[in-house]
>>> print(open('model-v7.txt').read())   # compact mmCIF, C-alpha atoms and all ligand atoms
# COMPACT_ATOMS: atom_id res chain seq x y z
CA MET A 1 -4.78 13.01 -25.54
CA PRO A 2 -3.83 10.20 -27.94
CA GLU A 3 -6.03 7.12 -28.04
CA LEU A 4 -3.23 4.80 -27.02
CA ASP A 5 -0.70 5.75 -24.40
CA SER A 6 2.28 3.84 -23.23
CA PRO A 7 2.69 3.84 -19.46
CA GLN A 8 6.40 3.58 -20.08
CA ARG A 9 6.31 6.82 -22.00
CA GLN A 10 4.27 8.52 -19.30
CA THR A 11 6.49 7.50 -16.41
CA PRO A 12 9.69 6.41 -18.08
CA ASP A 13 11.50 5.74 -14.81
CA SER A 14 8.71 3.95 -12.88
CA LEU A 15 9.24 6.59 -10.22
CA MET A 16 8.47 5.77 -6.64
CA LEU A 17 6.98 8.72 -4.78
CA PRO A 18 8.54 9.94 -1.53
CA GLY A 19 6.59 12.31 0.71
CA PHE A 20 3.95 9.72 1.67
CA TRP A 21 3.21 7.06 4.28
CA TYR A 22 3.78 3.44 3.28
CA ARG A 23 2.88 0.15 4.94
CA ALA A 24 6.12 -1.51 6.06
CA LEU A 25 5.11 -4.68 7.93
CA PRO A 26 2.05 -6.28 9.51
CA ALA A 27 2.08 -5.09 13.12
CA ASP A 28 1.57 -8.58 14.56
CA ARG A 29 4.87 -9.71 13.04
CA VAL A 30 6.80 -7.07 14.97
CA GLN A 31 7.09 -8.23 18.56
CA ARG A 32 8.51 -6.23 21.45
CA ASN A 33 12.30 -6.00 21.60
CA GLN A 34 12.68 -7.39 18.07
CA LEU A 35 14.30 -6.02 14.92
CA HIS A 36 13.07 -6.76 11.39
CA GLN A 37 14.25 -5.89 7.92
CA ALA A 38 11.97 -4.05 5.55
CA THR A 39 12.52 -2.24 2.26
CA LEU A 40 10.45 0.71 1.06
CA LEU A 41 11.23 2.62 -2.15
CA GLU A 42 14.58 0.81 -2.29
CA ILE A 43 15.47 2.17 1.16
CA PRO A 44 16.70 -0.53 3.55
CA LEU A 45 15.00 -0.18 6.92
CA VAL A 46 15.23 -1.84 10.27
CA VAL A 47 11.79 -1.86 11.88
CA GLY A 48 11.31 -2.78 15.50
CA ARG A 49 9.17 -2.42 18.57
CA ASP A 50 10.66 -0.99 21.73
CA ARG A 51 10.08 -1.99 25.34
CA GLN A 52 7.10 0.39 25.58
CA GLY A 53 5.50 -1.33 22.58
CA GLU A 54 6.13 1.60 20.19
CA ALA A 55 7.16 0.79 16.65
CA PHE A 56 10.16 2.55 15.11
CA ALA A 57 12.06 2.56 11.83
CA LEU A 58 15.71 3.37 11.18
CA ARG A 59 17.80 3.25 8.05
CA ASP A 60 19.29 -0.23 8.06
CA ALA A 61 22.87 0.93 7.63
CA CYS A 62 25.13 2.02 10.43
CA PRO A 63 26.32 5.61 9.85
CA HIS A 64 29.85 4.45 10.74
CA ARG A 65 30.66 1.90 8.05
CA GLY A 66 27.29 0.79 6.73
CA MET A 67 26.74 -2.41 8.70
CA PRO A 68 23.05 -3.47 8.62
CA LEU A 69 21.71 -2.60 12.04
CA HIS A 70 19.06 -5.35 12.00
CA SER A 71 21.87 -7.82 12.71
CA GLY A 72 22.84 -5.91 15.83
CA HIS A 73 21.79 -6.22 19.43
CA PHE A 74 18.59 -4.57 20.66
CA ASP A 75 17.81 -4.21 24.35
CA GLY A 76 14.34 -2.73 23.89
CA THR A 77 15.60 0.87 23.90
CA ARG A 78 18.89 1.03 22.04
CA VAL A 79 20.25 -0.65 18.93
CA GLU A 80 23.89 -1.67 19.05
CA CYS A 81 25.78 -2.12 15.77
CA PRO A 82 27.44 -5.56 15.62
CA TYR A 83 30.64 -4.21 14.00
CA HIS A 84 32.10 -1.68 16.46
CA GLY A 85 29.32 -1.37 18.97
CA TRP A 86 28.10 2.14 18.17
CA THR A 87 24.78 2.42 19.96
CA PHE A 88 21.71 4.35 18.82
CA ASP A 89 18.46 5.36 20.44
CA ALA A 90 15.88 3.22 18.62
CA ARG A 91 13.27 5.96 18.21
CA SER A 92 15.35 9.02 17.39
CA GLY A 93 18.32 7.25 15.83
CA GLN A 94 20.63 9.45 17.90
CA CYS A 95 24.03 7.96 18.65
CA GLN A 96 24.63 7.44 22.36
CA LEU A 97 27.86 5.56 22.57
CA ILE A 98 31.02 4.95 20.55
CA PRO A 99 32.93 2.37 22.58
CA SER A 100 36.30 3.02 20.91
CA LEU A 101 36.53 6.63 22.13
CA THR A 102 38.99 7.31 24.91
CA ALA A 103 38.17 9.63 27.83
CA ASP A 104 40.08 12.59 26.32
CA GLN A 105 38.57 12.28 22.81
CA ASN A 106 35.64 14.67 22.69
CA LEU A 107 33.83 13.67 19.51
CA ARG A 108 30.23 14.94 19.75
CA VAL A 109 28.57 11.52 19.67
CA ASP A 110 25.08 13.01 20.12
CA ARG A 111 25.32 14.81 16.78
CA ILE A 112 25.44 11.52 14.88
CA TYR A 113 22.18 9.93 13.78
CA ALA A 114 21.34 6.56 12.24
CA GLY A 115 18.48 8.12 10.25
CA SER A 116 15.06 7.56 11.83
CA TYR A 117 11.77 7.64 9.95
CA PRO A 118 8.35 8.64 11.28
CA CYS A 119 6.53 5.46 12.20
CA GLU A 120 2.88 4.80 13.12
CA GLU A 121 0.84 1.75 13.82
CA GLN A 122 -2.53 1.92 12.11
CA ASP A 123 -5.14 -0.75 11.36
CA GLY A 124 -2.81 -3.68 11.88
CA PHE A 125 0.21 -2.35 10.01
CA VAL A 126 3.37 -0.49 10.86
CA TRP A 127 3.44 2.51 8.52
CA VAL A 128 6.61 4.43 7.75
CA TYR A 129 6.71 7.94 6.33
CA ILE A 130 9.29 8.35 3.57
CA PRO A 131 10.24 12.04 3.49
CA GLU A 132 11.11 13.88 0.27
CA ALA A 133 14.80 13.91 1.14
CA SER A 134 15.58 10.64 2.86
CA PRO A 135 17.83 10.69 5.90
CA GLN A 136 21.36 9.95 4.76
CA GLY A 137 23.00 6.74 5.89
CA ALA A 138 26.10 8.37 7.24
CA GLY A 139 24.64 11.40 8.74
CA PHE A 140 23.73 14.01 11.15
CA THR A 141 20.09 14.09 10.07
CA LYS A 142 17.62 14.49 12.88
CA PRO A 143 14.35 12.53 12.61
CA ALA A 144 11.98 13.93 9.95
CA GLU A 145 8.40 14.79 10.83
CA ALA A 146 5.39 13.63 8.85
CA PRO A 147 3.06 16.47 7.80
CA HIS A 148 -0.07 14.33 8.33
CA PRO A 149 -0.99 11.05 10.02
CA ALA A 150 -0.97 7.66 8.24
CA PRO A 151 -4.13 6.73 6.28
CA LEU A 152 -6.99 5.00 8.08
CA ILE A 153 -9.64 2.52 7.05
CA GLU A 154 -13.12 4.00 7.22
CA LYS A 155 -15.03 2.36 10.06
CA ILE A 156 -18.72 3.08 10.24
CA SER A 157 -19.57 1.57 13.63
CA GLY A 158 -17.62 0.70 16.75
CA LYS A 159 -17.71 -3.08 16.63
CA TYR A 160 -16.09 -4.83 13.73
CA LYS A 161 -13.92 -7.69 12.56
CA PHE A 162 -10.62 -7.12 10.98
CA ALA A 163 -8.22 -9.06 8.74
CA TYR A 164 -5.31 -8.53 6.43
CA LEU A 165 -3.65 -10.24 3.48
CA THR A 166 -0.26 -9.50 2.05
CA THR A 167 1.31 -10.68 -1.22
CA ASP A 168 4.54 -9.91 -3.04
CA MET A 169 4.31 -9.06 -6.72
CA PRO A 170 7.31 -9.23 -9.06
CA VAL A 171 6.29 -6.07 -10.94
CA SER A 172 6.81 -2.33 -10.48
CA VAL A 173 4.40 -0.35 -8.32
CA ASP A 174 2.89 1.09 -11.51
CA HIS A 175 1.90 -2.32 -12.85
CA GLY A 176 0.69 -3.32 -9.40
CA ILE A 177 -1.59 -0.29 -9.20
CA ILE A 178 -2.99 -0.40 -12.70
CA GLY A 179 -3.59 -4.13 -12.21
CA LEU A 180 -5.53 -3.32 -9.07
CA MET A 181 -7.64 -0.61 -10.74
CA ASP A 182 -8.18 -2.58 -13.94
CA PRO A 183 -11.86 -3.47 -14.42
CA ALA A 184 -11.46 -5.68 -17.48
CA HIS A 185 -9.42 -8.60 -16.14
CA GLY A 186 -12.15 -9.88 -13.81
CA PRO A 187 -13.88 -12.34 -16.14
CA PHE A 188 -10.56 -13.85 -17.21
CA VAL A 189 -8.44 -13.84 -14.08
CA HIS A 190 -11.05 -14.18 -11.36
CA GLN A 191 -13.11 -17.05 -12.66
CA SER A 192 -13.96 -20.07 -10.58
CA TRP A 193 -16.84 -22.51 -10.55
CA TRP A 194 -18.29 -21.10 -7.32
CA TRP A 195 -17.97 -17.50 -8.43
CA ARG A 196 -18.36 -16.60 -12.04
CA GLY A 197 -17.26 -17.74 -15.44
CA ARG A 198 -16.00 -15.69 -18.34
CA HIS A 199 -19.47 -15.76 -19.90
CA SER A 200 -20.90 -13.57 -17.15
CA ILE A 201 -19.25 -10.63 -18.94
CA HIS A 202 -21.65 -7.71 -19.54
CA GLU A 203 -21.63 -4.01 -20.22
CA LYS A 204 -21.16 -1.67 -17.28
CA HIS A 205 -21.48 2.09 -16.86
CA LYS A 206 -19.78 3.67 -13.87
CA ASN A 207 -19.66 7.30 -12.75
CA PHE A 208 -16.35 8.74 -11.66
CA GLU A 209 -15.45 12.05 -10.10
CA PRO A 210 -12.20 13.79 -9.15
CA ILE A 211 -11.26 13.92 -5.45
CA PRO A 212 -8.10 15.46 -3.94
CA ASN A 213 -5.07 13.51 -5.23
CA GLY A 214 -7.28 10.90 -6.88
CA PHE A 215 -10.63 9.81 -8.22
CA ARG A 216 -13.77 8.14 -6.96
CA MET A 217 -16.10 5.62 -8.48
CA SER A 218 -19.25 7.28 -7.16
CA ALA A 219 -21.61 5.45 -4.81
CA HIS A 220 -23.50 2.87 -6.80
CA THR A 221 -25.01 -0.57 -6.47
CA PRO A 222 -21.98 -2.86 -6.74
CA SER A 223 -21.39 -5.15 -9.69
CA SER A 224 -23.57 -8.19 -9.25
CA ASN A 225 -20.46 -10.32 -9.66
CA SER A 226 -18.28 -8.65 -7.04
CA ALA A 227 -17.21 -10.66 -4.01
CA PRO A 228 -18.46 -8.68 -1.02
CA TYR A 229 -21.68 -7.91 -2.87
CA LYS A 230 -22.60 -11.57 -3.16
CA LEU A 231 -21.99 -12.03 0.55
CA LEU A 232 -23.95 -8.90 1.47
CA ARG A 233 -26.91 -10.05 -0.58
CA LEU A 234 -27.45 -12.65 2.13
CA TYR A 235 -28.14 -9.81 4.58
CA ALA A 236 -29.79 -6.94 2.77
CA ALA A 237 -32.03 -6.05 -0.13
CA ALA A 238 -30.07 -5.71 -3.35
CA ASP A 239 -31.02 -2.09 -3.97
CA SER A 240 -30.01 -0.96 -0.47
CA ILE A 241 -26.39 -1.95 -1.14
CA THR A 242 -24.03 0.79 -2.27
CA THR A 243 -20.31 0.85 -2.78
CA THR A 244 -17.80 3.65 -3.18
CA ILE A 245 -14.27 3.08 -4.46
CA ASP A 246 -11.54 5.71 -4.19
CA PHE A 247 -8.05 5.77 -5.56
CA VAL A 248 -5.70 8.30 -3.97
CA LEU A 249 -1.99 8.85 -4.61
CA PRO A 250 0.43 7.38 -4.06
CA ASN A 251 -1.07 3.90 -3.79
CA LEU A 252 -4.34 3.80 -1.84
CA ARG A 253 -7.48 2.03 -3.01
CA SER A 254 -10.29 2.19 -0.50
CA GLU A 255 -13.66 0.59 -0.90
CA THR A 256 -16.65 0.99 1.37
CA ILE A 257 -19.79 -1.07 0.92
CA ARG A 258 -22.89 -0.28 2.94
CA ALA A 259 -26.07 -2.27 3.27
CA GLY A 260 -28.35 -0.79 5.91
CA LYS A 261 -26.55 -1.19 9.22
CA PHE A 262 -24.01 -3.55 7.71
CA TRP A 263 -20.78 -2.39 6.18
CA PHE A 264 -17.58 -3.66 4.73
CA SER A 265 -14.56 -1.44 4.30
CA SER A 266 -11.12 -2.11 2.89
CA LEU A 267 -7.91 -0.22 2.28
CA THR A 268 -5.60 -1.83 -0.24
CA THR A 269 -2.10 -0.50 -0.82
CA VAL A 270 0.50 -1.28 -3.46
CA THR A 271 3.85 -0.59 -1.86
CA PRO A 272 6.97 0.03 -3.92
CA ILE A 273 9.71 -2.20 -2.53
CA THR A 274 12.16 -1.86 -5.40
CA ARG A 275 11.78 -0.63 -8.96
CA ASN A 276 10.64 -4.07 -10.11
CA HIS A 277 8.93 -5.39 -7.05
CA CYS A 278 5.89 -4.33 -5.08
CA ARG A 279 3.70 -5.74 -2.35
CA ILE A 280 -0.08 -5.66 -2.15
CA ASP A 281 -1.62 -5.42 1.31
CA VAL A 282 -5.37 -5.69 1.70
CA VAL A 283 -6.75 -4.72 5.09
CA ALA A 284 -10.47 -5.09 5.64
CA ALA A 285 -12.86 -4.24 8.45
CA TRP A 286 -16.52 -5.27 8.54
CA ASN A 287 -19.48 -5.74 10.84
CA ILE A 288 -21.25 -8.43 8.88
CA PHE A 289 -20.70 -12.06 9.97
CA ARG A 290 -19.55 -10.97 13.41
CA TRP A 291 -21.76 -13.57 15.05
CA VAL A 292 -21.56 -16.19 12.31
CA PRO A 293 -18.99 -18.92 12.91
CA PHE A 294 -16.61 -19.15 9.94
CA GLY A 295 -17.85 -15.80 8.56
CA PRO A 296 -14.47 -14.06 8.73
CA GLU A 297 -12.75 -17.21 7.49
CA LEU A 298 -15.07 -17.31 4.50
CA LEU A 299 -14.43 -13.66 3.70
CA LYS A 300 -10.70 -14.13 4.11
CA PHE A 301 -10.81 -17.19 1.89
CA VAL A 302 -12.59 -15.27 -0.85
CA PHE A 303 -10.11 -12.40 -0.68
CA ALA A 304 -7.10 -14.68 -0.48
CA LYS A 305 -8.33 -16.41 -3.61
CA PHE A 306 -8.71 -13.10 -5.45
CA VAL A 307 -5.33 -11.76 -4.42
CA ASP A 308 -3.67 -15.06 -5.30
CA GLN A 309 -5.21 -14.97 -8.78
CA ASP A 310 -3.81 -11.46 -9.24
CA ARG A 311 -0.40 -12.54 -7.96
CA ARG A 312 -0.17 -15.48 -10.37
CA THR A 313 -1.23 -13.23 -13.23
CA MET A 314 1.36 -10.60 -12.39
CA GLU A 315 4.07 -13.26 -12.09
CA MET A 316 3.30 -14.31 -15.65
CA GLN A 317 3.08 -10.68 -16.76
CA ALA A 318 6.54 -10.04 -15.27
CA GLU A 319 7.91 -12.66 -17.70
CA GLY A 320 6.54 -10.66 -20.60
CA LEU A 321 7.66 -7.32 -19.21
CA LYS A 322 11.29 -8.53 -19.01
CA HIS A 323 11.53 -7.94 -22.73
CA ASN A 324 10.32 -4.36 -22.40
CA PRO A 325 7.39 -4.68 -24.79
CA HIS A 326 5.46 -1.74 -26.16
CA LEU A 327 2.35 -1.23 -24.01
CA MET A 328 -0.98 0.40 -24.76
CA LEU A 329 -3.90 1.68 -22.74
CA ILE A 330 -7.38 1.86 -24.26
CA ASP A 331 -10.52 3.80 -23.43
CA ASP A 332 -12.59 3.34 -21.35
CA ALA A 333 -11.40 0.16 -19.65
CA ASP A 334 -7.90 1.52 -19.07
CA ARG A 335 -8.97 5.07 -18.24
CA PRO A 336 -8.34 4.58 -14.47
CA ALA A 337 -4.79 3.50 -15.39
CA LYS A 338 -4.36 6.61 -17.54
CA TRP A 339 -5.64 8.76 -14.69
CA TYR A 340 -3.13 7.16 -12.34
CA PHE A 341 -0.24 8.12 -14.61
CA GLN A 342 -1.67 11.60 -15.11
CA LEU A 343 -2.12 12.12 -11.36
CA LYS A 344 1.42 10.99 -10.75
CA ALA A 345 2.75 13.32 -13.44
CA ALA A 346 0.67 16.24 -12.06
CA HIS A 347 1.94 15.55 -8.54
CA LEU A 348 5.56 15.53 -9.72
CA GLU A 349 5.02 18.68 -11.74
CA ALA A 350 3.52 20.48 -8.72
CA LYS A 351 6.50 19.44 -6.63
CA ARG A 352 8.91 20.60 -9.31
CA THR A 353 7.30 24.02 -9.64
CA GLY A 354 6.26 24.41 -6.00
CA GLY A 355 2.72 25.20 -7.18
CA VAL A 356 -0.58 23.49 -6.39
CA MET A 357 -1.30 20.24 -8.18
CA LYS A 358 -3.37 20.68 -11.29
CA HIS A 359 -5.94 17.89 -11.17
CA PRO A 360 -5.96 16.01 -14.48
CA ILE A 361 -9.63 14.98 -14.25
CA PRO A 362 -11.79 18.02 -15.06
CA GLY A 363 -15.09 16.78 -13.61
CA PRO A 364 -17.54 13.90 -13.27
CA VAL A 365 -17.45 11.41 -16.13
CA THR A 366 -19.13 8.11 -16.97
CA LEU A 367 -16.94 5.25 -18.17
CA LYS A 368 -18.22 2.23 -20.07
CA TRP A 369 -16.70 -1.20 -20.41
CA ARG A 370 -17.65 -4.86 -20.52
CA SER A 371 -16.54 -7.07 -17.66
S1 LIG A 401 29.88 -0.11 11.23
FE1 LIG A 401 28.55 0.17 12.84
S2 LIG A 401 29.79 0.59 14.48
FE2 LIG A 401 31.18 0.46 12.85
FE FE A 402 -7.75 -8.57 -9.74
>>> encode(input="model-v7.txt", output="C-alpha cells")
Amino acid sequence: MPELDSPQRQTPDSLMLPGFWYRALPADRVQRNQLHQATLLEIPLVVGRDRQGEAFALRDACPHRGMPLHSGHFDGTRVECPYHGWTFDARSGQCQLIPSLTADQNLRVDRIYAGSYPCEEQDGFVWVYIPEASPQGAGFTKPAEAPHPAPLIEKISGKYKFAYLTTDMPVSVDHGIIGLMDPAHGPFVHQSWWWRGRHSIHEKHKNFEPIPNGFRMSAHTPSSNSAPYKLLRLYAAADSITTTIDFVLPNLRSETIRAGKFWFSSLTTVTPITRNHCRIDVVAAWNIFRWVPFGPELLKFVFAKFVDQDRRTMEMQAEGLKHNPHLMLIDDADRPAKWYFQLKAAHLEAKRTGGVMKHPIPGPVTLKWRS
C-alpha cells in the first residue's frame, strides 16, 4: 500500500451505500398525523407518523406525475396527493383511490405503490432502511423488507438519561466520516480555555482490531483530554475508566465508556443526504449525573461545543474542497480514514461478486500519533 493515498482515488464517486439503515429525523420532530420532508442518499422521502403513532417513510414523489407527497393531505392513515387526489396507504404506500376513474374503468388501483421504505423508531430517531434497489417513483414496487433491525445504542443498565444533537455538514459523507474518526485534529479544532490548548499535544499509542464490517479501538483508559473522561473522573478512579470505540459500515461510530457502575454510551452517525452534504447525529445515553441538577445540560453543552467546532471546520474545508485539491492520507494518524475507504471498497467488491467481504484489516495493530 502506498504511503500516501488519495481518498478521491479510492472512492472516485463518493459513493453512498444502499443496503443499510440511516437516521432520517429526530423522532420528537415527527408528531402524529404530520408529514415531513427528508432526504437520504439523494432520495426524497416523506416521513410521517400515523394515527397509531407508527412512523413511516414513502418516496416523496407521487407515482402519477411526480408531485411531492409531503405537500398533500394526511388524515393519519392515508396520504392524498394534492394534484389529482390519488390516495395511498401511509405505511404500505399502496394506492387506494384514483378519484378520476369512472365506475366502468377497471384500472387495478391496488397494484400501484408510492414506494414505501422500512421504517423504525430507535433511540430517539426515525430510521429508514434504504434497500439496494430503491423503490421506483412511478411504480408497482411493494414495500421492501429490511434484513436486520436498525442499530441500537449500547445501554448497560436500565435507568439512564438520553440526549441527541444534530448538525448539517456541507461535505460528502466520506469527509464527514474521516473527520469524525480523525485523531489528529483535536488539539487544533477542539481547543478552549476550559478544556485544553494546543500545547497539551502528546504521543499516544492505541490498539485496534478488526470487527465485522469495521474496526475497534480496543478497551483502554481514555485519553486524559477527552470530554466524557474528564467528567467521569469526578466519579471514579482514573484507572477504573475504560473506553471502547467502534466504527462499523456504513457510518456508525459507537463509543462506550465504563467507570465502575457508571457508563456513558454514544452512537454517532454520518448520514449521506446528497453527494456533497451530510448530517452528523450524536445520540448519547448515560447513567452518570442522573441525580445532579444541570448534569445533562453540562454534558450536552460540552458535546454541542465539540460538534459545532467540527461543523465550522468542515464548512471551511468545503471551501477548499470546491477546487478539487489533491488529498493525502498519512500513517498512522490517518490510518482509520484509510481503513474506512478500504472497508467501503471491500464491501462494494463483495456485493459485486456476491462473495463474502474480505476484511481489509488482517489483525490487531497498534497505531501511534501525537494529539
Ligand atoms: S401527481 Fe399525484 S395524483 Fe397526479
Ligand atoms: Fe472533532
>>> residues_around(input="model-v7.txt", residues="Thr39 in chain A", least_positions_apart="3", cutoff="10 Å", atoms="only C-alpha atoms", output="JSON, numbers by chain")
{"A": [24, 25, 42, 43, 44, 45, 46, 47, 59, 60, 271, 272, 273, 274]}
>>> residues_near_point(input="model-v7.txt", point="(10.7, 13.5, 2.3)", cutoff="8 Å", atoms="all atoms listed in the file", output="PyMOL selection string")
chain A and resi 18-20+129-134+144
>>> write_last_selection(input="model-v7.txt", atoms="C-alpha atoms", output="PDB file, in the coordinates of the input")
ATOM      1  CA  PRO A  18       8.540   9.940  -1.530  1.00  0.00           C
ATOM      2  CA  GLY A  19       6.590  12.310   0.710  1.00  0.00           C
ATOM      3  CA  PHE A  20       3.950   9.720   1.670  1.00  0.00           C
ATOM      4  CA  TYR A 129       6.710   7.940   6.330  1.00  0.00           C
ATOM      5  CA  ILE A 130       9.290   8.350   3.570  1.00  0.00           C
ATOM      6  CA  PRO A 131      10.240  12.040   3.490  1.00  0.00           C
ATOM      7  CA  GLU A 132      11.110  13.880   0.270  1.00  0.00           C
ATOM      8  CA  ALA A 133      14.800  13.910   1.140  1.00  0.00           C
ATOM      9  CA  SER A 134      15.580  10.640   2.860  1.00  0.00           C
ATOM     10  CA  ALA A 144      11.980  13.930   9.950  1.00  0.00           C
TER      11      ALA A 144
END
>>> closest_atom_pairs(input="model-v7.txt", of="chain A", to="ligand FE 402 (chain A)", cutoff="9 Å", atoms="all atoms listed in the file", output="Markdown table")
| residue | atom | partner | partner_atom | distance |
| --- | --- | --- | --- | --- |
| A:Gly179 | CA | A:FE402 | FE | 6.6 |
| A:Leu180 | CA | A:FE402 | FE | 5.7 |
| A:Met181 | CA | A:FE402 | FE | 8.0 |
| A:Asp182 | CA | A:FE402 | FE | 7.3 |
| A:Pro183 | CA | A:FE402 | FE | 8.1 |
| A:His185 | CA | A:FE402 | FE | 6.6 |
| A:Gly186 | CA | A:FE402 | FE | 6.1 |
| A:Val189 | CA | A:FE402 | FE | 6.9 |
| A:His190 | CA | A:FE402 | FE | 6.7 |
| A:Phe306 | CA | A:FE402 | FE | 6.3 |
| A:Val307 | CA | A:FE402 | FE | 6.7 |
| A:Asp308 | CA | A:FE402 | FE | 8.9 |
| A:Gln309 | CA | A:FE402 | FE | 7.0 |
| A:Asp310 | CA | A:FE402 | FE | 4.9 |
| A:Arg311 | CA | A:FE402 | FE | 8.5 |
| A:Thr313 | CA | A:FE402 | FE | 8.7 |
>>> residues_near_ligand(input="model-v7.txt", ligand="ligand LIG 401 (chain A)", cutoff="6 Å", atoms="all atoms listed in the file", output="PyMOL selection string")
chain A and resi 62+64-67+81+83-86
>>> closest_atom_pairs(input="model-v7.txt", of="range 173-212 of chain A", to="range 359-367 of chain A", cutoff="12 Å", atoms="only C-alpha atoms", output="tab-separated table")
residue	atom	partner	partner_atom	distance
A:Pro183	CA	A:Leu367	CA	10.8
A:Glu203	CA	A:Leu367	CA	10.6
A:Lys204	CA	A:Leu367	CA	8.2
A:His205	CA	A:Leu367	CA	5.7
A:Lys206	CA	A:Leu367	CA	5.4
A:Asn207	CA	A:Thr366	CA	4.3
A:Phe208	CA	A:Val365	CA	5.3
A:Glu209	CA	A:Pro364	CA	4.2
A:Pro210	CA	A:Ile361	CA	5.8
A:Ile211	CA	A:His359	CA	8.8
A:Pro212	CA	A:His359	CA	7.9
>>> residues_near_point(input="model-v7.txt", point="(-12.6, -2.6, -18.3)", cutoff="7 Å", atoms="only C-alpha atoms", output="NGL selection string")
:A and (182-184 or 332-334 or 369-371)
>>> atom_distance(input="model-v7.txt", atom1="CA of Ile288 in chain A", atom2="CA of Asp123 in chain A")
18.0 Å
>>> atom_distance(input="model-v7.txt", atom1="CA of Met217 in chain A", atom2="CA of Phe247 in chain A")
8.6 Å
>>> residues_around(input="model-v7.txt", residues="Thr243 in chain A", least_positions_apart="6", cutoff="7 Å", atoms="all atoms listed in the file", output="ChimeraX atom specification")
/A:219-222,255-258
>>> residues_around(input="model-v7.txt", residues="Glu154 in chain A", least_positions_apart="6", cutoff="10 Å", atoms="all atoms listed in the file", output="PyMOL selection string")
chain A and resi 254-256+264-267+284-286
>>> atom_distance(input="model-v7.txt", atom1="CA of Leu107 in chain A", atom2="CA of Gly139 in chain A")
14.3 Å
>>> decode(input="model-v7.txt", residues="range 121-126 of chain A", atoms="all heavy atoms", output="short mmCIF file (atom, residue, chain, number, x, y, z; two decimals), in the first residue's frame")
data_model
loop_
_atom_site.label_atom_id
_atom_site.label_comp_id
_atom_site.auth_asym_id
_atom_site.auth_seq_id
_atom_site.Cartn_x
_atom_site.Cartn_y
_atom_site.Cartn_z
N GLU A 121 -38.36 3.23 14.74
CA GLU A 121 -38.00 4.28 15.67
C GLU A 121 -37.08 3.68 16.71
O GLU A 121 -37.43 2.69 17.35
CB GLU A 121 -39.28 4.81 16.32
CG GLU A 121 -39.10 6.19 16.85
CD GLU A 121 -40.43 6.81 17.24
OE1 GLU A 121 -41.45 6.51 16.59
OE2 GLU A 121 -40.43 7.56 18.20
N GLN A 122 -35.89 4.25 16.86
CA GLN A 122 -34.90 3.63 17.73
C GLN A 122 -34.07 4.72 18.40
O GLN A 122 -33.52 5.57 17.71
CB GLN A 122 -34.00 2.74 16.85
CG GLN A 122 -33.43 1.52 17.49
CD GLN A 122 -34.48 0.59 18.01
OE1 GLN A 122 -34.95 0.74 19.14
NE2 GLN A 122 -34.86 -0.40 17.23
N ASP A 123 -34.01 4.71 19.73
CA ASP A 123 -33.18 5.66 20.46
C ASP A 123 -33.38 7.10 19.99
O ASP A 123 -32.43 7.82 19.71
CB ASP A 123 -31.70 5.29 20.33
CG ASP A 123 -31.37 3.96 21.00
OD1 ASP A 123 -32.02 3.63 22.01
OD2 ASP A 123 -30.47 3.25 20.51
N GLY A 124 -34.63 7.50 19.88
CA GLY A 124 -34.91 8.91 19.62
C GLY A 124 -34.83 9.34 18.17
O GLY A 124 -34.96 10.52 17.88
N PHE A 125 -34.62 8.41 17.26
CA PHE A 125 -34.59 8.77 15.84
C PHE A 125 -35.50 7.87 15.02
O PHE A 125 -35.71 6.70 15.36
CB PHE A 125 -33.17 8.68 15.26
CG PHE A 125 -32.43 9.99 15.32
CD1 PHE A 125 -31.86 10.42 16.51
CD2 PHE A 125 -32.34 10.81 14.21
CE1 PHE A 125 -31.20 11.64 16.58
CE2 PHE A 125 -31.68 12.02 14.27
CZ PHE A 125 -31.11 12.45 15.45
N VAL A 126 -36.03 8.43 13.95
CA VAL A 126 -36.72 7.63 12.95
C VAL A 126 -35.66 7.16 11.97
O VAL A 126 -34.95 7.98 11.36
CB VAL A 126 -37.80 8.45 12.22
CG1 VAL A 126 -38.40 7.63 11.08
CG2 VAL A 126 -38.89 8.89 13.20
#
